[in-house]
Amino acid sequence: LLVTHAHIDHVGGAGTLVRGFQVSAYLHPDDGWLAAAPEVQLRSLFGMMPEGDFAPPEQFESLADRQLLELAGLGVQVLHTPGHTPGHCCFLLESEQVLFSGDQLFAGSVGRTDLPGGDTEELFRSMKDRILTLDDAVEVLPGHGPPTTIGRERRTNPFLQGLA
């Protein structure tokens, strides 16, 4: 289970999946503090603890920048892209020309940096150094919203103008 970052909308339920399917969960260690206390995130977002099993996995395998994982016969390259969270990572399937961008890049937008751990300068540095170096043909599958491509975002995303 590849986790782009430890905000509750991306890591909530991970413990249940890991236990139920007996798989490993992967997370960058810089987001460990976020994953460790899902109830804090839930209470701050909703003012209460909703019903459900939000317990994190007992252990995460660590991710590192440029790490290459072999999963289900596919090579997955880890791109550490801090900014939305300190440990945010995108996952590039180079052979397929697909990027799972989590909350780094969306069609027409970028990830928020006003949540705990967010850093606007880091987000745009990551965008310039890790994301905008990819080929225009790479398809982007964001954590929210419709798919896009690196080229389309480079040309039309107002947040990326002047970065490339």
# chains A, B, ... in the order shown; residues from 1 in each chain; ligands from 1
>>> closest_atom_pairs(of="range 94-153 of chain A", to="range 28-50 of chain A", cutoff="12 Å", atoms="only C-alpha atoms", output="Markdown table")
| residue | atom | partner | partner_atom | distance |
| --- | --- | --- | --- | --- |
| A:Leu115 | CA | A:Gln41 | CA | 10.0 |
| A:Pro116 | CA | A:Leu34 | CA | 8.8 |
| A:Gly117 | CA | A:Asp31 | CA | 8.8 |
| A:Gly118 | CA | A:Asp31 | CA | 11.1 |
>>> write_last_selection(atoms="N, CA and C atoms", output="short mmCIF file (atom, residue, chain, number, x, y, z; two decimals), in the first residue's frame")
data_model
loop_
_atom_site.label_atom_id
_atom_site.label_comp_id
_atom_site.auth_asym_id
_atom_site.auth_seq_id
_atom_site.Cartn_x
_atom_site.Cartn_y
_atom_site.Cartn_z
N LEU A 115 -2.29 23.54 5.98
CA LEU A 115 -2.53 22.51 6.99
C LEU A 115 -1.23 22.24 7.75
N PRO A 116 -1.31 21.60 8.92
CA PRO A 116 -0.08 21.34 9.70
C PRO A 116 1.00 20.65 8.87
N GLY A 117 2.21 21.22 8.91
CA GLY A 117 3.34 20.67 8.17
C GLY A 117 3.49 21.21 6.76
N GLY A 118 2.52 21.98 6.28
CA GLY A 118 2.59 22.52 4.93
C GLY A 118 3.63 23.62 4.82
#
>>> select_by_dssp(residues="range 17-72 of chain A", states="helix (DSSP H, G or I)", output="ChimeraX atom specification")
/A:17-21,29-35,38-46
>>> write_last_selection(atoms="C-alpha atoms", output="PDB file, in the first residue's frame")
ATOM      1  CA  LEU A  17      -6.253  -2.713   4.585  1.00  0.00           C
ATOM      2  CA  VAL A  18      -2.815  -3.808   5.781  1.00  0.00           C
ATOM      3  CA  ARG A  19      -4.289  -6.211   8.321  1.00  0.00           C
ATOM      4  CA  GLY A  20      -7.046  -7.486   6.030  1.00  0.00           C
ATOM      5  CA  PHE A  21      -4.882  -8.138   2.985  1.00  0.00           C
ATOM      6  CA  PRO A  29       9.281   8.909   7.555  1.00  0.00           C
ATOM      7  CA  ASP A  30       8.825  12.705   7.591  1.00  0.00           C
ATOM      8  CA  ASP A  31       5.067  12.075   7.740  1.00  0.00           C
ATOM      9  CA  GLY A  32       5.216   9.535  10.567  1.00  0.00           C
ATOM     10  CA  TRP A  33       4.037  12.101  13.117  1.00  0.00           C
ATOM     11  CA  LEU A  34       0.879  12.733  11.080  1.00  0.00           C
ATOM     12  CA  ALA A  35       0.083   9.042  10.645  1.00  0.00           C
ATOM     13  CA  PRO A  38      -5.365  10.137  13.131  1.00  0.00           C
ATOM     14  CA  GLU A  39      -7.766  11.139  15.896  1.00  0.00           C
ATOM     15  CA  VAL A  40      -6.015  14.520  16.180  1.00  0.00           C
ATOM     16  CA  GLN A  41      -6.557  15.197  12.473  1.00  0.00           C
ATOM     17  CA  LEU A  42     -10.171  14.023  12.599  1.00  0.00           C
ATOM     18  CA  ARG A  43     -11.045  16.129  15.634  1.00  0.00           C
ATOM     19  CA  SER A  44      -9.393  19.224  14.154  1.00  0.00           C
ATOM     20  CA  LEU A  45     -11.239  18.775  10.845  1.00  0.00           C
ATOM     21  CA  PHE A  46     -14.649  17.686  12.119  1.00  0.00           C
TER      22      PHE A  46
END
>>> residues_around(residues="Thr81 in chain A", least_positions_apart="4", cutoff="6 Å", atoms="only C-alpha atoms", output="PyMOL selection string")
chain A and resi 88-89+126
>>> write_last_selection(atoms="C-alpha atoms", output="CSV table (one decimal), in the first residue's frame")
chain,number,residue,atom,x,y,z
A,88,HIS,CA,4.7,13.9,0.7
A,89,CYS,CA,5.8,11.6,-2.2
A,126,SER,CA,9.5,20.2,-5.2
>>> residues_around(residues="Leu68 in chain A", least_positions_apart="6", cutoff="9 Å", atoms="only C-alpha atoms", output="MDAnalysis selection string")
chainID A and resid 75:78
>>> residues_around(residues="Ile131 in chain A", least_positions_apart="6", cutoff="10 Å", atoms="only C-alpha atoms", output="ChimeraX atom specification")
/A:79,81,90,92,99,101,104-105,124-125,150,154,164
>>> write_last_selection(atoms="N, CA and C atoms", output="compact mmCIF listing (two decimals), in the first residue's frame")
# COMPACT_ATOMS: atom_id res chain seq x y z
N LEU A 79 9.29 9.77 -5.69
CA LEU A 79 9.75 11.15 -5.79
C LEU A 79 9.30 11.87 -4.53
N THR A 81 8.39 14.79 -2.55
CA THR A 81 7.92 16.11 -2.96
C THR A 81 7.33 16.85 -1.76
N CYS A 90 5.34 11.45 -4.52
CA CYS A 90 4.64 11.06 -5.72
C CYS A 90 5.25 9.74 -6.19
N LEU A 92 6.06 7.44 -9.56
CA LEU A 92 6.19 7.45 -11.02
C LEU A 92 6.35 6.03 -11.54
N LEU A 99 2.11 9.20 -13.40
CA LEU A 99 2.52 9.74 -12.10
C LEU A 99 1.30 9.78 -11.18
N SER A 101 0.17 11.56 -8.23
CA SER A 101 0.68 12.81 -7.65
C SER A 101 0.14 13.12 -6.26
N GLN A 104 0.08 16.77 -4.49
CA GLN A 104 1.11 17.68 -4.99
C GLN A 104 0.56 18.51 -6.15
N LEU A 105 -0.01 17.83 -7.13
CA LEU A 105 -0.45 18.47 -8.37
C LEU A 105 -1.83 17.96 -8.75
N PHE A 124 6.64 24.43 -4.04
CA PHE A 124 7.04 24.91 -5.36
C PHE A 124 8.45 24.49 -5.73
N ARG A 125 9.32 24.34 -4.75
CA ARG A 125 10.66 23.80 -5.03
C ARG A 125 10.54 22.34 -5.51
N ILE A 150 1.43 16.23 -17.47
CA ILE A 150 2.45 17.23 -17.10
C ILE A 150 2.41 18.38 -18.10
N ARG A 154 1.76 22.23 -17.27
CA ARG A 154 2.85 23.19 -17.54
C ARG A 154 2.31 24.38 -18.35
N ALA A 164 8.79 26.74 -14.63
CA ALA A 164 9.55 25.85 -15.52
C ALA A 164 10.81 26.48 -16.05
